[in-house]
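Take a look at the structure set out below.
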Amino acid sequence: LVSSDVTVTKSPTGLAEEALSKASQLYLLEQGRNLVYQLYVSIKTAQIYDRTNVTHIKQSENLLDLVKNLFEKDEGIILNSKEGYLFLNEIRLQFSFERYVSSKFLLETFRKFQFESLTISSQVTKDELDDFVFLLARTHPEGEDVFGSLEEKIVDSDIQHLTVEKFAGEWNIRDEDSSENEKKVAKKRFFKTVSVAQEMVESAKTGRSINTPKSKRAIQFLIDQLIHDETNLMSLTAIKNFDEYTFAHSVNVCILSVGLGTRLGLSKNKLSELGYAALFHDVGKVKIPLEILNKPEELTAEDWEKIQMHPILGVKILLSKRALDKFSLGAMVVAFEHHLKMDLSGYPQLSFKKDLNLYTRIISIADVYDSMTSGRVYAKTPLAPDVTLKRMIEEAGKSFDPVLLKVFINMLGIYPVGSVVLLDSREVGVVMKPNPDELSRPQVAIIADKEGKKDKVEMVDLTRIDEKTGGYKRTILKTIDPRPYKLDIARYIY
Ligand SMILES: [Fe+2]
Ligand SMILES: [Fe+2]
């Protein structure tokens, strides 16, 4: 209930009223989320069970209870969908990660039947709710006027206290729109995983055990997303301006590693183990003072000594988990090995010869790439993605597994997302998405033209042909160093 913009000049009663209205808003929000969730479960249940089934009957009672409860506070309920969000009586509902699926499902249902809002009035009956849920669950939208036929069915079923309103604009179900949506989903998952990573690191700090089911779930989501459309998530790893570097770094390494693992044809199970190990590769760093990790000056020999302890500290933290499953075993191996190079130089120093684990070889490539492009540890200033790759190629065989590195570069493209390029049109662009079939012709956001800065960013696909000449419209001349331009790459990717 704390709000930073409460003014002190208000009378005590004014403040009390304000607190009350805040409280009722919070209540409404909570109930709104519940309503969305219960509607989702009801529709799902109705798709499987008949009306006489116990599961359905129980669920419809849940829904009715909730709806009746809402009316104690409000006259009617309007559930609205606007620009990919749900609103309850004009208040935007935000969803936790677990509940996110329910909101997505409901939005999809609204879209499918072409209605924008659903109004439930306080006289609604159990039968009406039931009928409506079954209508949504079992009708396949058909014909030109999907909304019209739904409305007709509502009238036929004599549902009087539930009304739907047609979407005012055109429903945009073209590709662009769904890819926009996918981008949003990818972003949400990315940030959710960052927060899961953050939580886990926090608990590692205080010595509590690391919550494995939660992290496994987060990774599962990442993997599903990567399989579905990896470029969206992959492009998010180009965002480097996080306050809390370690979390974002761990998530980036996770995404890049799983991406690489996917290309190697690893099974879903293996990918989960790999992702888990990647997420925890630097977990030992929580035991190293932040003053050292965030030191702006050069590190002293002593600092280095401390930093080089993090692989072993990581193993210790992972060991403190009570149950040792395949996930934690893999993570331990990687935590221990990830700063060892192919030739076994690096740290910790080994007194024996061994082959590095496959997960380690994958993760160390992702790790070095993300570190170098972020400007931490390896170099104080961030290197451009393509420069980083060039440096890494020089180290192939010595530091990195050359075959894996090749696959990695293929995955990112010769011009990875976030590279700043000069085009033959004398325009400057930021690489947004690789074209898998033509690595040298990615999709680019033009941020400056011949005259200099542009107010509006224009997206272009470099595979586009100029109809007049028959040649390509634009071609990359070279990559350029973005630093003098003080570009905030994240701005274009968000
Ligand atoms: Fe590390
Ligand atoms: Fe790392």
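Naming works like this for the structure tokens: A, B, ... for the chains as they're shown, residue 1 at the start of each chain, ligands 1 onward in shown order.
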
Selection near range 158-167 of chain A, 12 Å with only C-alpha atoms, sequence-local residues under 6 positions removed, as JSON, numbers by chain: {"A": [67, 76, 77, 78, 79, 80, 81, 82, 83, 110, 111, 112, 113, 114, 115, 116, 117, 118, 119, 120, 121, 122, 123, 124, 125, 126, 127, 128, 129, 130, 131, 132, 133, 134, 135, 136, 145, 146, 147, 148, 149, 150, 151, 152]}

Nearby residues, ligand 2, 8 Å, only C-alpha atoms and all ligand atoms, as a list in words: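 Answer in the requested format: Thr246, His249, Ser250, Val253, His281, Asp282, His338, Ser364, Asp367, Val368, Asp370 and Ser371 of chain A.
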
Generate a file of the selected residues that holds N, CA, C and O atoms, formatted as a CSV table (one decimal), in the first residue's frame.
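Contents of out.csv, freshly written:
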chain,number,residue,atom,x,y,z
A,246,THR,N,25.4,-10.3,-12.8
A,246,THR,CA,25.6,-11.8,-12.7
A,246,THR,C,24.3,-12.5,-13.2
A,246,THR,O,24.4,-13.5,-13.9
A,249,HIS,N,23.8,-12.2,-16.9
A,249,HIS,CA,24.9,-13.0,-17.5
A,249,HIS,C,24.5,-14.5,-17.5
A,249,HIS,O,24.6,-15.2,-18.5
A,250,SER,N,24.1,-14.9,-16.3
A,250,SER,CA,23.8,-16.4,-16.2
A,250,SER,C,22.6,-16.8,-17.2
A,250,SER,O,22.7,-17.8,-17.8
A,253,VAL,N,23.9,-16.8,-20.7
A,253,VAL,CA,24.7,-18.0,-21.0
A,253,VAL,C,23.8,-19.2,-21.1
A,253,VAL,O,24.1,-20.1,-22.0
A,281,HIS,N,26.6,-21.8,-13.5
A,281,HIS,CA,28.0,-21.9,-13.7
A,281,HIS,C,28.8,-20.9,-12.8
A,281,HIS,O,29.9,-21.2,-12.4
A,282,ASP,N,28.2,-19.7,-12.6
A,282,ASP,CA,28.9,-18.7,-11.8
A,282,ASP,C,28.4,-18.6,-10.4
A,282,ASP,O,28.7,-17.6,-9.7
A,338,HIS,N,34.4,-24.6,-15.8
A,338,HIS,CA,34.1,-23.7,-16.8
A,338,HIS,C,35.2,-22.6,-17.2
A,338,HIS,O,35.2,-22.0,-18.2
A,364,SER,N,31.3,-22.9,-21.8
A,364,SER,CA,32.5,-21.9,-21.8
A,364,SER,C,32.5,-21.0,-23.0
A,364,SER,O,32.9,-19.9,-23.0
A,367,ASP,N,29.8,-18.5,-22.3
A,367,ASP,CA,30.3,-17.7,-21.2
A,367,ASP,C,31.3,-16.6,-21.7
A,367,ASP,O,31.1,-15.4,-21.4
A,368,VAL,N,32.3,-17.0,-22.4
A,368,VAL,CA,33.3,-16.0,-22.9
A,368,VAL,C,32.6,-15.0,-23.8
A,368,VAL,O,32.9,-13.8,-23.7
A,370,ASP,N,29.5,-14.0,-23.9
A,370,ASP,CA,28.7,-13.0,-23.2
A,370,ASP,C,29.5,-12.1,-22.4
A,370,ASP,O,29.3,-10.9,-22.3
A,371,SER,N,30.6,-12.6,-21.8
A,371,SER,CA,31.4,-11.7,-20.9
A,371,SER,C,32.1,-10.7,-21.8
A,371,SER,O,32.2,-9.5,-21.4

Residue among A:Leu222, A:Leu66, A:Leu293, A:Leu404 lying closest to ligand 1, counting only C-alpha atoms and all ligand atoms: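 Among the listed residues, the smallest separation from ligand 1 belongs to A:Leu293.
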
Spatial neighbours of Gln59 in chain A, 12 Å, only C-alpha atoms, chain gap at least 6 places, as an MDAnalysis selection string: chainID A and resid 37:46 49:53 65:66 126 129:130 133

Those same residues, written as a PDB file, in the first residue's frame with N, CA, C and O atoms?
ATOM      1  N   TYR A  37      -8.193 -16.800 -14.059  1.00  0.00           N
ATOM      2  CA  TYR A  37      -7.719 -18.167 -13.859  1.00  0.00           C
ATOM      3  C   TYR A  37      -8.891 -19.160 -13.808  1.00  0.00           C
ATOM      4  O   TYR A  37      -8.860 -20.207 -14.459  1.00  0.00           O
ATOM      5  N   GLN A  38      -9.940 -18.807 -13.071  1.00  0.00           N
ATOM      6  CA  GLN A  38     -11.079 -19.721 -12.955  1.00  0.00           C
ATOM      7  C   GLN A  38     -11.804 -19.890 -14.292  1.00  0.00           C
ATOM      8  O   GLN A  38     -12.266 -20.974 -14.621  1.00  0.00           O
ATOM      9  N   LEU A  39     -11.888 -18.816 -15.051  1.00  0.00           N
ATOM     10  CA  LEU A  39     -12.499 -18.936 -16.383  1.00  0.00           C
ATOM     11  C   LEU A  39     -11.683 -19.888 -17.251  1.00  0.00           C
ATOM     12  O   LEU A  39     -12.230 -20.736 -17.961  1.00  0.00           O
ATOM     13  N   TYR A  40     -10.391 -19.729 -17.161  1.00  0.00           N
ATOM     14  CA  TYR A  40      -9.480 -20.582 -17.928  1.00  0.00           C
ATOM     15  C   TYR A  40      -9.668 -22.052 -17.550  1.00  0.00           C
ATOM     16  O   TYR A  40      -9.867 -22.911 -18.414  1.00  0.00           O
ATOM     17  N   VAL A  41      -9.655 -22.324 -16.244  1.00  0.00           N
ATOM     18  CA  VAL A  41      -9.812 -23.713 -15.800  1.00  0.00           C
ATOM     19  C   VAL A  41     -11.192 -24.234 -16.213  1.00  0.00           C
ATOM     20  O   VAL A  41     -11.325 -25.368 -16.676  1.00  0.00           O
ATOM     21  N   SER A  42     -12.222 -23.387 -16.081  1.00  0.00           N
ATOM     22  CA  SER A  42     -13.569 -23.825 -16.437  1.00  0.00           C
ATOM     23  C   SER A  42     -13.674 -24.208 -17.907  1.00  0.00           C
ATOM     24  O   SER A  42     -14.252 -25.242 -18.247  1.00  0.00           O
ATOM     25  N   ILE A  43     -13.138 -23.360 -18.761  1.00  0.00           N
ATOM     26  CA  ILE A  43     -13.219 -23.647 -20.201  1.00  0.00           C
ATOM     27  C   ILE A  43     -12.440 -24.921 -20.521  1.00  0.00           C
ATOM     28  O   ILE A  43     -12.913 -25.801 -21.251  1.00  0.00           O
ATOM     29  N   LYS A  44     -11.252 -25.018 -19.935  1.00  0.00           N
ATOM     30  CA  LYS A  44     -10.450 -26.215 -20.156  1.00  0.00           C
ATOM     31  C   LYS A  44     -11.185 -27.472 -19.673  1.00  0.00           C
ATOM     32  O   LYS A  44     -11.164 -28.508 -20.343  1.00  0.00           O
ATOM     33  N   THR A  45     -11.805 -27.360 -18.511  1.00  0.00           N
ATOM     34  CA  THR A  45     -12.531 -28.507 -17.967  1.00  0.00           C
ATOM     35  C   THR A  45     -13.707 -28.871 -18.875  1.00  0.00           C
ATOM     36  O   THR A  45     -13.960 -30.041 -19.159  1.00  0.00           O
ATOM     37  N   ALA A  46     -14.387 -27.829 -19.349  1.00  0.00           N
ATOM     38  CA  ALA A  46     -15.560 -28.067 -20.189  1.00  0.00           C
ATOM     39  C   ALA A  46     -15.190 -28.688 -21.537  1.00  0.00           C
ATOM     40  O   ALA A  46     -16.019 -29.295 -22.208  1.00  0.00           O
ATOM     41  N   TYR A  49     -14.782 -32.539 -20.021  1.00  0.00           N
ATOM     42  CA  TYR A  49     -15.859 -33.219 -19.292  1.00  0.00           C
ATOM     43  C   TYR A  49     -17.238 -32.707 -19.669  1.00  0.00           C
ATOM     44  O   TYR A  49     -17.394 -31.565 -20.096  1.00  0.00           O
ATOM     45  N   ASP A  50     -18.228 -33.559 -19.458  1.00  0.00           N
ATOM     46  CA  ASP A  50     -19.614 -33.145 -19.652  1.00  0.00           C
ATOM     47  C   ASP A  50     -20.140 -32.433 -18.411  1.00  0.00           C
ATOM     48  O   ASP A  50     -19.516 -32.457 -17.371  1.00  0.00           O
ATOM     49  N   ARG A  51     -21.339 -31.888 -18.602  1.00  0.00           N
ATOM     50  CA  ARG A  51     -21.930 -31.123 -17.498  1.00  0.00           C
ATOM     51  C   ARG A  51     -22.177 -31.950 -16.250  1.00  0.00           C
ATOM     52  O   ARG A  51     -22.200 -31.441 -15.142  1.00  0.00           O
ATOM     53  N   THR A  52     -22.407 -33.229 -16.456  1.00  0.00           N
ATOM     54  CA  THR A  52     -22.758 -34.063 -15.304  1.00  0.00           C
ATOM     55  C   THR A  52     -21.515 -34.543 -14.544  1.00  0.00           C
ATOM     56  O   THR A  52     -21.631 -35.114 -13.472  1.00  0.00           O
ATOM     57  N   ASN A  53     -20.366 -34.306 -15.122  1.00  0.00           N
ATOM     58  CA  ASN A  53     -19.140 -34.790 -14.496  1.00  0.00           C
ATOM     59  C   ASN A  53     -18.806 -34.028 -13.213  1.00  0.00           C
ATOM     60  O   ASN A  53     -18.979 -32.813 -13.128  1.00  0.00           O
ATOM     61  N   ASP A  65     -18.830 -19.007  -7.150  1.00  0.00           N
ATOM     62  CA  ASP A  65     -18.433 -18.408  -5.868  1.00  0.00           C
ATOM     63  C   ASP A  65     -17.621 -17.144  -6.070  1.00  0.00           C
ATOM     64  O   ASP A  65     -17.866 -16.119  -5.452  1.00  0.00           O
ATOM     65  N   LEU A  66     -16.659 -17.280  -6.951  1.00  0.00           N
ATOM     66  CA  LEU A  66     -15.761 -16.160  -7.192  1.00  0.00           C
ATOM     67  C   LEU A  66     -16.520 -14.969  -7.751  1.00  0.00           C
ATOM     68  O   LEU A  66     -16.343 -13.828  -7.321  1.00  0.00           O
ATOM     69  N   LYS A 126     -26.002 -19.565 -12.185  1.00  0.00           N
ATOM     70  CA  LYS A 126     -25.050 -20.648 -12.377  1.00  0.00           C
ATOM     71  C   LYS A 126     -25.204 -21.248 -13.772  1.00  0.00           C
ATOM     72  O   LYS A 126     -24.222 -21.531 -14.456  1.00  0.00           O
ATOM     73  N   LEU A 129     -23.670 -19.028 -16.476  1.00  0.00           N
ATOM     74  CA  LEU A 129     -22.213 -19.149 -16.496  1.00  0.00           C
ATOM     75  C   LEU A 129     -21.784 -20.454 -17.164  1.00  0.00           C
ATOM     76  O   LEU A 129     -20.888 -20.482 -18.004  1.00  0.00           O
ATOM     77  N   ASP A 130     -22.478 -21.512 -16.774  1.00  0.00           N
ATOM     78  CA  ASP A 130     -22.206 -22.825 -17.350  1.00  0.00           C
ATOM     79  C   ASP A 130     -22.373 -22.834 -18.865  1.00  0.00           C
ATOM     80  O   ASP A 130     -21.521 -23.316 -19.602  1.00  0.00           O
ATOM     81  N   VAL A 133     -19.630 -20.869 -20.581  1.00  0.00           N
ATOM     82  CA  VAL A 133     -18.359 -21.585 -20.574  1.00  0.00           C
ATOM     83  C   VAL A 133     -18.376 -22.701 -21.628  1.00  0.00           C
ATOM     84  O   VAL A 133     -17.421 -22.875 -22.396  1.00  0.00           O
TER      85      VAL A 133
END

Test item: residues lying within 12 Å of ligand 1 with only C-alpha atoms and all ligand atoms, as a PyMOL selection string: chain A and resi 246+249-250+253+277-286+288+293+307-315+334-340+346-348+360+363-368+370-371+376-378

Dump of C-alpha atoms for the selected residues, as a PDB file, in the first residue's frame:
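The resulting file, part20.pdb, is shown below:
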ATOM      1  CA  THR A 246      25.571 -11.798 -12.743  1.00  0.00           C
ATOM      2  CA  HIS A 249      24.878 -12.979 -17.527  1.00  0.00           C
ATOM      3  CA  SER A 250      23.760 -16.366 -16.224  1.00  0.00           C
ATOM      4  CA  VAL A 253      24.748 -17.967 -20.982  1.00  0.00           C
ATOM      5  CA  ALA A 277      24.299 -26.088 -15.444  1.00  0.00           C
ATOM      6  CA  ALA A 278      24.599 -22.875 -17.456  1.00  0.00           C
ATOM      7  CA  LEU A 279      22.346 -20.987 -15.082  1.00  0.00           C
ATOM      8  CA  PHE A 280      24.570 -21.978 -12.171  1.00  0.00           C
ATOM      9  CA  HIS A 281      28.002 -21.897 -13.728  1.00  0.00           C
ATOM     10  CA  ASP A 282      28.941 -18.745 -11.788  1.00  0.00           C
ATOM     11  CA  VAL A 283      26.993 -19.435  -8.631  1.00  0.00           C
ATOM     12  CA  GLY A 284      30.253 -19.481  -6.643  1.00  0.00           C
ATOM     13  CA  LYS A 285      30.530 -15.747  -7.265  1.00  0.00           C
ATOM     14  CA  VAL A 286      27.941 -15.061  -4.589  1.00  0.00           C
ATOM     15  CA  ILE A 288      32.995 -13.234  -3.512  1.00  0.00           C
ATOM     16  CA  LEU A 293      33.400  -8.139  -8.696  1.00  0.00           C
ATOM     17  CA  ILE A 307      37.907 -14.537  -8.071  1.00  0.00           C
ATOM     18  CA  GLN A 308      39.602 -17.714  -9.132  1.00  0.00           C
ATOM     19  CA  MET A 309      38.041 -19.428  -6.150  1.00  0.00           C
ATOM     20  CA  HIS A 310      34.551 -19.161  -7.631  1.00  0.00           C
ATOM     21  CA  PRO A 311      34.595 -22.507  -9.480  1.00  0.00           C
ATOM     22  CA  ILE A 312      35.319 -24.393  -6.279  1.00  0.00           C
ATOM     23  CA  LEU A 313      32.970 -22.266  -4.204  1.00  0.00           C
ATOM     24  CA  GLY A 314      30.295 -23.043  -6.782  1.00  0.00           C
ATOM     25  CA  VAL A 315      30.796 -26.773  -6.346  1.00  0.00           C
ATOM     26  CA  VAL A 334      30.487 -27.275 -15.119  1.00  0.00           C
ATOM     27  CA  ALA A 335      30.959 -24.945 -12.147  1.00  0.00           C
ATOM     28  CA  PHE A 336      34.300 -26.599 -11.549  1.00  0.00           C
ATOM     29  CA  GLU A 337      35.491 -26.760 -15.155  1.00  0.00           C
ATOM     30  CA  HIS A 338      34.141 -23.668 -16.850  1.00  0.00           C
ATOM     31  CA  HIS A 339      37.347 -21.642 -16.657  1.00  0.00           C
ATOM     32  CA  LEU A 340      39.493 -24.491 -17.886  1.00  0.00           C
ATOM     33  CA  GLY A 346      43.067 -21.666 -16.967  1.00  0.00           C
ATOM     34  CA  TYR A 347      41.859 -22.287 -13.442  1.00  0.00           C
ATOM     35  CA  PRO A 348      41.608 -24.125 -11.076  1.00  0.00           C
ATOM     36  CA  THR A 360      31.509 -27.392 -20.084  1.00  0.00           C
ATOM     37  CA  ILE A 363      28.942 -23.328 -21.744  1.00  0.00           C
ATOM     38  CA  SER A 364      32.455 -21.913 -21.775  1.00  0.00           C
ATOM     39  CA  ILE A 365      31.926 -20.682 -25.334  1.00  0.00           C
ATOM     40  CA  ALA A 366      28.679 -18.980 -24.366  1.00  0.00           C
ATOM     41  CA  ASP A 367      30.312 -17.668 -21.190  1.00  0.00           C
ATOM     42  CA  VAL A 368      33.271 -16.028 -22.879  1.00  0.00           C
ATOM     43  CA  ASP A 370      28.679 -12.987 -23.219  1.00  0.00           C
ATOM     44  CA  SER A 371      31.448 -11.730 -20.928  1.00  0.00           C
ATOM     45  CA  ARG A 376      33.352  -7.598 -17.727  1.00  0.00           C
ATOM     46  CA  VAL A 377      36.230  -9.627 -16.404  1.00  0.00           C
ATOM     47  CA  TYR A 378      37.942 -10.320 -19.730  1.00  0.00           C
TER      48      TYR A 378
END

Given only C-alpha atoms, how would the per-residue table for range 51-73 of chain A near range 15-33 of chain A read, listing every residue at most 12 Å away with its closest atom pair and distance in Å to one decimal, sorted by chain and number, as a tab-separated table?
residue	atom	partner	partner_atom	distance
A:Leu63	CA	A:Gln31	CA	11.4
A:Asp65	CA	A:Gln31	CA	11.3
A:Leu66	CA	A:Gln31	CA	7.7
A:Val67	CA	A:Gln31	CA	8.9
A:Lys68	CA	A:Gln31	CA	11.1
A:Asn69	CA	A:Gln31	CA	8.7
A:Leu70	CA	A:Gln31	CA	7.0
A:Phe71	CA	A:Leu28	CA	10.6
A:Glu72	CA	A:Leu28	CA	11.1
A:Lys73	CA	A:Ser24	CA	8.4

Spatial neighbours of Arg391 in chain A, max dist 10 Å, only C-alpha atoms, sep filter under 5 positions, as number ranges by chain: A: 369, 372, 383, 386, 396

Please write the residues from the selection above to a file, keeping N, CA, C and O atoms, as a PDB file, in the first residue's frame.
ATOM      1  N   TYR A 369      31.761 -15.512 -24.703  1.00  0.00           N
ATOM      2  CA  TYR A 369      31.099 -14.599 -25.637  1.00  0.00           C
ATOM      3  C   TYR A 369      30.304 -13.533 -24.891  1.00  0.00           C
ATOM      4  O   TYR A 369      30.445 -12.338 -25.149  1.00  0.00           O
ATOM      5  N   MET A 372      32.687 -11.109 -22.911  1.00  0.00           N
ATOM      6  CA  MET A 372      33.434 -10.165 -23.733  1.00  0.00           C
ATOM      7  C   MET A 372      32.528  -9.091 -24.308  1.00  0.00           C
ATOM      8  O   MET A 372      32.893  -7.925 -24.364  1.00  0.00           O
ATOM      9  N   LEU A 383      33.217  -5.474 -26.125  1.00  0.00           N
ATOM     10  CA  LEU A 383      33.631  -5.605 -27.514  1.00  0.00           C
ATOM     11  C   LEU A 383      32.402  -5.826 -28.378  1.00  0.00           C
ATOM     12  O   LEU A 383      31.415  -6.420 -27.923  1.00  0.00           O
ATOM     13  N   ASP A 386      30.821  -8.991 -33.368  1.00  0.00           N
ATOM     14  CA  ASP A 386      31.620  -9.615 -34.442  1.00  0.00           C
ATOM     15  C   ASP A 386      33.104  -9.624 -34.096  1.00  0.00           C
ATOM     16  O   ASP A 386      33.827 -10.558 -34.432  1.00  0.00           O
ATOM     17  N   ALA A 396      40.420 -20.851 -31.148  1.00  0.00           N
ATOM     18  CA  ALA A 396      39.816 -22.163 -31.394  1.00  0.00           C
ATOM     19  C   ALA A 396      40.879 -23.248 -31.257  1.00  0.00           C
ATOM     20  O   ALA A 396      42.006 -23.079 -31.701  1.00  0.00           O
TER      21      ALA A 396
END

Neighbour list for Asp424 in chain A as a PyMOL selection string, cut-off 7 Å, only C-alpha atoms, skip fewer than 6 positions in-chain: chain A and resi 474-477

Alpha helix (DSSP H) residues, from DSSP on the backbone, in range 279-351 of chain A, as a PyMOL selection string: chain A and resi 279+290-293+301-307+310-319+326-337
